[in-house]
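Structure below is run_36.csv: CSV, N, CA and C atoms and all ligand atoms.
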```csv
chain,number,residue,atom,x,y,z
A,1368,MET,N,-157.2,-54.2,52.7
A,1368,MET,CA,-158.0,-54.0,51.4
A,1368,MET,C,-159.3,-53.2,51.8
A,1369,THR,N,-159.4,-52.0,51.3
A,1369,THR,CA,-160.5,-51.1,51.8
A,1369,THR,C,-161.8,-51.6,51.2
A,1370,ASP,N,-161.8,-52.2,50.0
A,1370,ASP,CA,-163.1,-52.6,49.4
A,1370,ASP,C,-163.4,-54.1,49.6
A,1371,CYS,N,-162.8,-54.7,50.6
A,1371,CYS,CA,-163.0,-56.1,50.8
A,1371,CYS,C,-164.0,-56.3,51.9
A,1372,ILE,N,-165.1,-57.0,51.6
A,1372,ILE,CA,-166.1,-57.1,52.7
A,1372,ILE,C,-165.7,-58.0,53.9
A,1373,PHE,N,-164.8,-59.0,53.6
A,1373,PHE,CA,-164.4,-59.8,54.8
A,1373,PHE,C,-163.3,-59.0,55.6
A,1374,CYS,N,-162.5,-58.1,55.0
A,1374,CYS,CA,-161.6,-57.3,55.8
A,1374,CYS,C,-162.5,-56.3,56.6
A,1375,LYS,N,-163.6,-55.9,56.1
A,1375,LYS,CA,-164.4,-55.0,56.9
A,1375,LYS,C,-165.1,-55.7,58.1
A,1376,ILE,N,-165.5,-56.9,57.8
A,1376,ILE,CA,-166.1,-57.7,58.9
A,1376,ILE,C,-165.0,-57.9,60.0
A,1377,ILE,N,-163.8,-58.3,59.6
A,1377,ILE,CA,-162.7,-58.6,60.5
A,1377,ILE,C,-162.4,-57.4,61.3
A,1378,ALA,N,-162.4,-56.2,60.6
A,1378,ALA,CA,-162.1,-54.9,61.3
A,1378,ALA,C,-163.2,-54.4,62.2
A,1379,GLY,N,-164.4,-55.1,62.1
A,1379,GLY,CA,-165.5,-54.6,62.9
A,1379,GLY,C,-166.3,-53.5,62.3
A,1380,GLU,N,-166.0,-53.2,61.0
A,1380,GLU,CA,-166.6,-52.0,60.3
A,1380,GLU,C,-168.0,-52.4,59.9
A,1381,ILE,N,-168.3,-53.7,59.6
A,1381,ILE,CA,-169.6,-54.1,59.3
A,1381,ILE,C,-169.8,-55.4,60.2
A,1382,PRO,N,-171.1,-55.6,60.6
A,1382,PRO,CA,-171.3,-56.7,61.6
A,1382,PRO,C,-171.0,-58.1,61.1
A,1383,GLY,N,-170.6,-58.9,62.0
A,1383,GLY,CA,-170.4,-60.3,61.7
A,1383,GLY,C,-170.8,-61.1,63.0
A,1384,GLN,N,-171.3,-62.3,62.8
A,1384,GLN,CA,-171.6,-63.2,64.0
A,1384,GLN,C,-170.3,-64.1,64.2
A,1385,PHE,N,-169.5,-63.6,65.1
A,1385,PHE,CA,-168.2,-64.3,65.3
A,1385,PHE,C,-168.4,-65.5,66.2
A,1386,VAL,N,-167.7,-66.5,65.9
A,1386,VAL,CA,-167.7,-67.7,66.8
A,1386,VAL,C,-166.3,-68.0,67.3
A,1387,TYR,N,-165.3,-67.4,66.7
A,1387,TYR,CA,-163.9,-67.6,67.1
A,1387,TYR,C,-163.0,-66.4,66.6
A,1388,ARG,N,-162.1,-65.9,67.4
A,1388,ARG,CA,-161.2,-64.9,67.0
A,1388,ARG,C,-159.8,-65.1,67.7
A,1389,ASP,N,-158.8,-65.0,67.0
A,1389,ASP,CA,-157.4,-64.9,67.6
A,1389,ASP,C,-156.7,-63.9,66.8
A,1390,ASP,N,-155.3,-63.8,67.0
A,1390,ASP,CA,-154.6,-62.8,66.3
A,1390,ASP,C,-154.4,-63.0,64.8
A,1391,GLU,N,-154.7,-64.2,64.4
A,1391,GLU,CA,-154.5,-64.5,63.0
A,1391,GLU,C,-155.7,-65.0,62.2
A,1392,ILE,N,-156.7,-65.5,63.0
A,1392,ILE,CA,-157.8,-66.2,62.3
A,1392,ILE,C,-159.1,-65.6,62.9
A,1393,VAL,N,-160.1,-65.4,62.1
A,1393,VAL,CA,-161.4,-65.0,62.5
A,1393,VAL,C,-162.5,-66.0,61.9
A,1394,VAL,N,-163.4,-66.4,62.7
A,1394,VAL,CA,-164.5,-67.3,62.2
A,1394,VAL,C,-165.8,-66.6,62.5
A,1395,PHE,N,-166.6,-66.5,61.4
A,1395,PHE,CA,-168.0,-66.0,61.6
A,1395,PHE,C,-169.0,-66.8,60.8
A,1396,ARG,N,-170.3,-66.6,61.1
A,1396,ARG,CA,-171.3,-67.4,60.4
A,1396,ARG,C,-171.6,-66.8,59.0
A,1397,ASP,N,-171.8,-67.7,58.1
A,1397,ASP,CA,-172.1,-67.3,56.7
A,1397,ASP,C,-173.5,-66.6,56.8
A,1398,ILE,N,-173.6,-65.5,56.0
A,1398,ILE,CA,-174.8,-64.7,56.0
A,1398,ILE,C,-176.0,-65.4,55.3
A,1399,ASN,N,-175.6,-66.4,54.5
A,1399,ASN,CA,-176.6,-67.1,53.7
A,1399,ASN,C,-176.3,-68.6,53.8
A,1400,PRO,N,-176.5,-69.2,55.0
A,1400,PRO,CA,-176.0,-70.6,55.2
A,1400,PRO,C,-176.7,-71.6,54.4
A,1401,THR,N,-175.9,-72.6,53.9
A,1401,THR,CA,-176.4,-73.7,53.1
A,1401,THR,C,-176.7,-74.9,54.0
A,1402,ALA,N,-176.4,-74.8,55.3
A,1402,ALA,CA,-176.6,-75.9,56.2
A,1402,ALA,C,-176.8,-75.3,57.6
A,1403,PRO,N,-177.3,-76.1,58.6
A,1403,PRO,CA,-177.5,-75.6,59.9
A,1403,PRO,C,-176.2,-75.0,60.5
A,1404,VAL,N,-175.1,-75.6,60.2
A,1404,VAL,CA,-173.8,-75.0,60.6
A,1404,VAL,C,-173.1,-74.6,59.3
A,1405,HIS,N,-172.8,-73.3,59.2
A,1405,HIS,CA,-172.0,-72.8,58.1
A,1405,HIS,C,-171.1,-71.7,58.5
A,1406,LEU,N,-169.9,-72.0,58.8
A,1406,LEU,CA,-168.9,-71.1,59.3
A,1406,LEU,C,-167.9,-70.8,58.2
A,1407,LEU,N,-167.3,-69.5,58.3
A,1407,LEU,CA,-166.3,-69.1,57.4
A,1407,LEU,C,-165.0,-68.9,58.2
A,1408,ILE,N,-164.0,-69.7,58.0
A,1408,ILE,CA,-162.7,-69.6,58.7
A,1408,ILE,C,-161.8,-68.8,57.8
A,1409,THR,N,-161.4,-67.6,58.4
A,1409,THR,CA,-160.9,-66.6,57.5
A,1409,THR,C,-159.6,-66.0,58.2
A,1410,PRO,N,-158.5,-66.0,57.4
A,1410,PRO,CA,-157.3,-65.3,58.0
A,1410,PRO,C,-157.5,-63.8,58.1
A,1411,ARG,N,-157.0,-63.2,59.1
A,1411,ARG,CA,-157.1,-61.7,59.2
A,1411,ARG,C,-156.3,-61.1,58.0
A,1412,LYS,N,-155.2,-61.7,57.6
A,1412,LYS,CA,-154.4,-61.2,56.5
A,1412,LYS,C,-155.2,-61.3,55.2
A,1413,HIS,N,-155.2,-60.2,54.4
A,1413,HIS,CA,-155.9,-60.2,53.1
A,1413,HIS,C,-155.1,-61.0,52.1
A,1414,ILE,N,-155.6,-62.2,51.8
A,1414,ILE,CA,-155.0,-63.0,50.7
A,1414,ILE,C,-156.2,-63.3,49.8
A,1415,ALA,N,-156.1,-62.9,48.6
A,1415,ALA,CA,-157.3,-63.0,47.7
A,1415,ALA,C,-157.9,-64.4,47.5
A,1416,SER,N,-157.0,-65.3,47.4
A,1416,SER,CA,-157.4,-66.7,47.3
A,1416,SER,C,-156.3,-67.6,47.5
A,1417,ASN,N,-156.5,-68.9,47.5
A,1417,ASN,CA,-155.4,-69.9,47.6
A,1417,ASN,C,-154.3,-69.6,46.6
A,1418,THR,N,-154.7,-69.1,45.4
A,1418,THR,CA,-153.7,-68.9,44.4
A,1418,THR,C,-152.7,-67.8,44.8
A,1419,GLU,N,-153.2,-66.8,45.5
A,1419,GLU,CA,-152.3,-65.7,45.9
A,1419,GLU,C,-151.5,-66.1,47.2
A,1420,ALA,N,-151.8,-67.1,47.9
A,1420,ALA,CA,-151.0,-67.5,49.1
A,1420,ALA,C,-149.6,-67.9,48.6
A,1421,THR,N,-148.7,-67.8,49.6
A,1421,THR,CA,-147.3,-68.1,49.3
A,1421,THR,C,-146.8,-69.1,50.3
A,1422,SER,N,-145.6,-69.6,50.2
A,1422,SER,CA,-145.0,-70.5,51.2
A,1422,SER,C,-144.9,-69.8,52.5
A,1423,ALA,N,-144.8,-68.5,52.5
A,1423,ALA,CA,-144.7,-67.7,53.8
A,1423,ALA,C,-146.0,-67.8,54.5
A,1424,ASP,N,-147.1,-68.2,53.9
A,1424,ASP,CA,-148.4,-68.3,54.5
A,1424,ASP,C,-148.7,-69.8,55.0
A,1425,GLU,N,-147.7,-70.6,54.9
A,1425,GLU,CA,-147.9,-72.1,55.1
A,1425,GLU,C,-148.5,-72.3,56.5
A,1426,ALA,N,-147.9,-71.7,57.5
A,1426,ALA,CA,-148.4,-71.9,58.9
A,1426,ALA,C,-149.8,-71.4,59.1
A,1427,LEU,N,-150.0,-70.3,58.4
A,1427,LEU,CA,-151.4,-69.7,58.5
A,1427,LEU,C,-152.4,-70.6,57.9
A,1428,LEU,N,-152.1,-71.1,56.7
A,1428,LEU,CA,-153.1,-72.1,56.1
A,1428,LEU,C,-153.3,-73.3,56.9
A,1429,GLY,N,-152.2,-73.8,57.5
A,1429,GLY,CA,-152.3,-74.9,58.4
A,1429,GLY,C,-153.2,-74.6,59.6
A,1430,LYS,N,-153.1,-73.4,60.1
A,1430,LYS,CA,-153.9,-73.0,61.3
A,1430,LYS,C,-155.3,-73.0,61.0
A,1431,MET,N,-155.7,-72.7,59.7
A,1431,MET,CA,-157.1,-72.7,59.3
A,1431,MET,C,-157.7,-74.1,59.6
A,1432,PHE,N,-156.9,-75.1,59.3
A,1432,PHE,CA,-157.4,-76.5,59.5
A,1432,PHE,C,-157.5,-76.8,61.0
A,1433,THR,N,-156.5,-76.3,61.7
A,1433,THR,CA,-156.5,-76.5,63.2
A,1433,THR,C,-157.7,-75.9,63.8
A,1434,VAL,N,-158.0,-74.7,63.4
A,1434,VAL,CA,-159.2,-74.0,64.0
A,1434,VAL,C,-160.5,-74.7,63.6
A,1435,ALA,N,-160.5,-75.2,62.3
A,1435,ALA,CA,-161.7,-75.9,61.9
A,1435,ALA,C,-161.9,-77.2,62.7
A,1436,ARG,N,-160.8,-77.9,62.9
A,1436,ARG,CA,-160.8,-79.1,63.7
A,1436,ARG,C,-161.3,-78.9,65.1
A,1437,ASN,N,-160.8,-77.9,65.7
A,1437,ASN,CA,-161.1,-77.6,67.1
A,1437,ASN,C,-162.6,-77.1,67.2
A,1438,LEU,N,-163.1,-76.3,66.3
A,1438,LEU,CA,-164.5,-75.9,66.3
A,1438,LEU,C,-165.4,-77.1,66.1
A,1439,ALA,N,-165.0,-78.0,65.1
A,1439,ALA,CA,-165.8,-79.2,64.9
A,1439,ALA,C,-165.9,-80.0,66.1
A,1440,THR,N,-164.8,-80.2,66.8
A,1440,THR,CA,-164.8,-81.0,68.1
A,1440,THR,C,-165.7,-80.3,69.1
A,1441,GLU,N,-165.5,-79.0,69.3
A,1441,GLU,CA,-166.3,-78.3,70.3
A,1441,GLU,C,-167.8,-78.4,70.0
A,1442,GLN,N,-168.1,-78.3,68.8
A,1442,GLN,CA,-169.5,-78.3,68.4
A,1442,GLN,C,-170.1,-79.7,68.2
A,1443,GLY,N,-169.3,-80.7,68.5
A,1443,GLY,CA,-169.8,-82.1,68.4
A,1443,GLY,C,-170.1,-82.6,67.0
A,1444,LEU,N,-169.3,-82.1,66.0
A,1444,LEU,CA,-169.6,-82.4,64.6
A,1444,LEU,C,-168.9,-83.6,64.1
A,1445,ASN,N,-168.0,-84.2,65.0
A,1445,ASN,CA,-167.1,-85.3,64.4
A,1445,ASN,C,-167.9,-86.5,64.1
A,1446,THR,N,-168.9,-86.8,64.9
A,1446,THR,CA,-169.7,-88.0,64.6
A,1446,THR,C,-170.5,-87.9,63.3
A,1447,SER,N,-171.2,-86.8,63.2
A,1447,SER,CA,-172.1,-86.7,62.0
A,1447,SER,C,-171.3,-86.3,60.8
A,1448,GLY,N,-170.1,-85.7,61.0
A,1448,GLY,CA,-169.2,-85.4,59.9
A,1448,GLY,C,-169.4,-83.9,59.5
A,1449,TYR,N,-168.4,-83.4,58.8
A,1449,TYR,CA,-168.5,-82.0,58.4
A,1449,TYR,C,-167.7,-81.9,57.1
A,1450,ARG,N,-167.9,-80.8,56.4
A,1450,ARG,CA,-167.2,-80.6,55.1
A,1450,ARG,C,-166.5,-79.3,55.1
A,1451,LEU,N,-165.2,-79.3,54.7
A,1451,LEU,CA,-164.4,-78.1,54.5
A,1451,LEU,C,-164.2,-77.8,53.1
A,1452,ILE,N,-164.5,-76.6,52.7
A,1452,ILE,CA,-164.5,-76.2,51.2
A,1452,ILE,C,-163.7,-74.9,51.1
A,1453,ILE,N,-162.8,-74.9,50.1
A,1453,ILE,CA,-162.2,-73.6,49.8
A,1453,ILE,C,-162.4,-73.4,48.3
A,1454,ASN,N,-163.3,-72.6,47.9
A,1454,ASN,CA,-163.5,-72.3,46.5
A,1454,ASN,C,-162.4,-71.3,46.1
A,1455,THR,N,-161.8,-71.6,44.9
A,1455,THR,CA,-160.7,-70.8,44.5
A,1455,THR,C,-160.9,-70.4,43.0
A,1456,GLY,N,-161.2,-69.1,42.8
A,1456,GLY,CA,-161.5,-68.6,41.5
A,1456,GLY,C,-162.9,-68.6,41.2
A,1457,ALA,N,-163.3,-67.7,40.3
A,1457,ALA,CA,-164.7,-67.5,40.0
A,1457,ALA,C,-165.3,-68.8,39.4
A,1458,GLY,N,-164.5,-69.5,38.6
A,1458,GLY,CA,-165.0,-70.7,37.9
A,1458,GLY,C,-165.3,-71.8,38.9
A,1459,ALA,N,-164.7,-71.7,40.1
A,1459,ALA,CA,-165.0,-72.7,41.1
A,1459,ALA,C,-166.0,-72.2,42.2
A,1460,GLY,N,-166.6,-71.0,41.9
A,1460,GLY,CA,-167.6,-70.5,42.8
A,1460,GLY,C,-167.2,-69.5,43.8
A,1461,GLN,N,-165.9,-69.1,43.7
A,1461,GLN,CA,-165.5,-68.1,44.7
A,1461,GLN,C,-166.1,-66.7,44.4
A,1462,THR,N,-166.8,-66.2,45.4
A,1462,THR,CA,-167.5,-64.9,45.2
A,1462,THR,C,-166.9,-63.8,46.0
A,1463,VAL,N,-166.2,-64.1,47.1
A,1463,VAL,CA,-165.5,-63.1,47.9
A,1463,VAL,C,-164.0,-63.4,47.8
A,1464,LEU,N,-163.3,-62.3,47.3
A,1464,LEU,CA,-161.9,-62.5,47.0
A,1464,LEU,C,-161.1,-62.2,48.3
A,1465,HIS,N,-161.4,-62.9,49.4
A,1465,HIS,CA,-160.5,-62.9,50.6
A,1465,HIS,C,-160.6,-64.4,51.0
A,1466,LEU,N,-159.4,-65.1,51.0
A,1466,LEU,CA,-159.4,-66.5,51.3
A,1466,LEU,C,-160.2,-66.9,52.5
A,1467,HIS,N,-161.0,-67.9,52.3
A,1467,HIS,CA,-161.8,-68.4,53.5
A,1467,HIS,C,-162.1,-69.9,53.2
A,1468,MET,N,-162.3,-70.6,54.3
A,1468,MET,CA,-162.6,-72.0,54.3
A,1468,MET,C,-164.1,-72.1,54.9
A,1469,HIS,N,-165.0,-72.7,54.1
A,1469,HIS,CA,-166.3,-73.0,54.6
A,1469,HIS,C,-166.2,-74.3,55.5
A,1470,LEU,N,-166.9,-74.2,56.6
A,1470,LEU,CA,-167.1,-75.4,57.5
A,1470,LEU,C,-168.6,-75.6,57.5
A,1471,ILE,N,-169.1,-76.7,56.9
A,1471,ILE,CA,-170.5,-77.0,56.7
A,1471,ILE,C,-170.8,-78.3,57.4
A,1472,ALA,N,-171.9,-78.3,58.1
A,1472,ALA,CA,-172.4,-79.5,58.8
A,1472,ALA,C,-173.8,-79.4,59.2
A,1473,GLY,N,-174.4,-80.5,59.7
A,1473,GLY,CA,-175.7,-80.4,60.3
A,1473,GLY,C,-176.8,-80.9,59.4
A,1474,LYS,N,-176.5,-81.4,58.2
A,1474,LYS,CA,-177.5,-82.0,57.3
A,1474,LYS,C,-176.8,-83.1,56.5
A,1475,PRO,N,-177.5,-84.0,56.0
A,1475,PRO,CA,-176.9,-85.0,55.1
A,1475,PRO,C,-176.3,-84.4,53.9
A,1476,MET,N,-175.1,-84.8,53.6
A,1476,MET,CA,-174.4,-84.2,52.4
A,1476,MET,C,-174.0,-85.3,51.5
A,1477,GLY,N,-175.0,-85.7,50.7
A,1477,GLY,CA,-174.7,-86.8,49.8
A,1477,GLY,C,-174.0,-86.4,48.5
A,1478,GLU,N,-174.3,-85.1,48.1
A,1478,GLU,CA,-173.8,-84.6,46.8
A,1478,GLU,C,-172.3,-84.6,46.8
A,1479,ARG,N,-171.7,-85.1,45.8
A,1479,ARG,CA,-170.2,-85.1,45.7
A,1479,ARG,C,-169.8,-84.7,44.3
A,1480,LEU,N,-168.7,-84.0,44.2
A,1480,LEU,CA,-168.2,-83.6,42.9
A,1480,LEU,C,-167.1,-84.7,42.5
A,1481,LEU,N,-166.6,-85.4,43.5
A,1481,LEU,CA,-165.5,-86.3,43.3
A,1481,LEU,C,-166.0,-87.7,43.8
B,1,LIG,P1,-167.4,-68.1,48.3
B,1,LIG,O1,-168.5,-68.2,47.3
B,1,LIG,O2,-166.5,-67.0,48.0
B,1,LIG,O3,-166.7,-69.4,48.5
B,1,LIG,O4,-168.1,-67.8,49.7
B,1,LIG,C1,-168.4,-66.6,50.1
B,1,LIG,C2,-169.5,-66.7,51.2
B,1,LIG,O5,-169.5,-65.5,51.9
B,1,LIG,C3,-170.9,-67.1,50.7
B,1,LIG,O6,-171.3,-68.3,51.2
B,1,LIG,C4,-171.7,-65.9,51.2
B,1,LIG,O7,-173.0,-66.3,51.6
B,1,LIG,C5,-170.9,-65.3,52.3
B,1,LIG,N1,-171.0,-63.9,52.4
B,1,LIG,C6,-171.0,-62.9,51.5
B,1,LIG,N2,-171.2,-61.7,52.0
B,1,LIG,C7,-171.2,-61.9,53.4
B,1,LIG,C8,-171.3,-61.0,54.4
B,1,LIG,O8,-171.4,-59.8,54.3
B,1,LIG,N3,-171.3,-61.5,55.7
B,1,LIG,C9,-171.2,-62.9,55.9
B,1,LIG,N4,-171.2,-63.3,57.2
B,1,LIG,N5,-171.1,-63.7,54.9
B,1,LIG,C10,-171.1,-63.2,53.6
B,2,ZN,ZN,-159.9,-58.9,52.6
```
Could you show the structure in this file as structure tokens?
Amino acid sequence: MTDCIFCKIIAGEIPGQFVYRDDEIVVFRDINPTAPVHLLITPRKHIASNTEATSADEALLGKMFTVARNLATEQGLNTSGYRLIINTGAGAGQTVLHLHMHLIAGKPMGERLL
């Protein structure tokens, strides 16, 4: 997607602070972090949102959780806890139409929607 900011970050066309990269997943720091740790776990494949994912993407979506888990363990976040969020659709707060999972940690998170 030529006009997708996350595709451009993944392609190295605009800068990103990468913390993990493999052939399917890229993780970089959020430009406007809401917590001391705020990572964006992003598939290289352009999928606009969870709504546009298909069963063919099942392994890829599962891998996003695996990468999140491994990063949380590496960064010592398991004890304090961390939150994984996938905003889907404008009404839910999605602003970048390239599927991504937020990994947020490092401050007390008392606020809950559920
Ligand atoms: P959403 O609201 O779609 O769930 O999350 C999009 C996130 O992307 C926001 O937290 C926002 O701060 C972040 N973001 C937007 N543009 C950029 C950018 O150019 N670089 C980085 N690293 N993060 C961005
Ligand atoms: Zn994209």
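Using only N, CA and C atoms for every distance, the candidate list A:Thr1401, A:Thr1455, A:Thr1369, A:Thr1440 yields A:Thr1455 as the residue closest to Ser1416 in chain A.
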- Item | Residue nearest ligand ZN 2 (chain B) among A:Ala1415, A:Ala1459, A:Val1386, A:Leu1427 (counting only C-alpha atoms and all ligand atoms) | A:Ala1415
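From CA of Ile1392 in chain A back to CA of Val1434 in chain A, the distance works out to 8.1 Å.
Counting from CA of Leu1481 in chain A, the distance to atom P1 of ligand LIG 1 (chain B) is 19.0 Å.
Distance check against Ile1453 in chain A using only N, CA and C atoms: of A:Ile1414, A:Cys1371, A:Leu1470, A:Ile1381, the minimum falls on A:Leu1470.
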- Message: Using only N, CA and C atoms and all ligand atoms, can you tell me which of A:Thr1409, A:Ser1422, A:Gln1461, A:Asn1445 comes closest to ligand LIG 1 (chain B)?
- Response: A:Gln1461
- Interatomic distance (Å, one decimal) between atom N of Arg1436 in chain A and atom C of Ala1457 in chain A: 25.6 Å
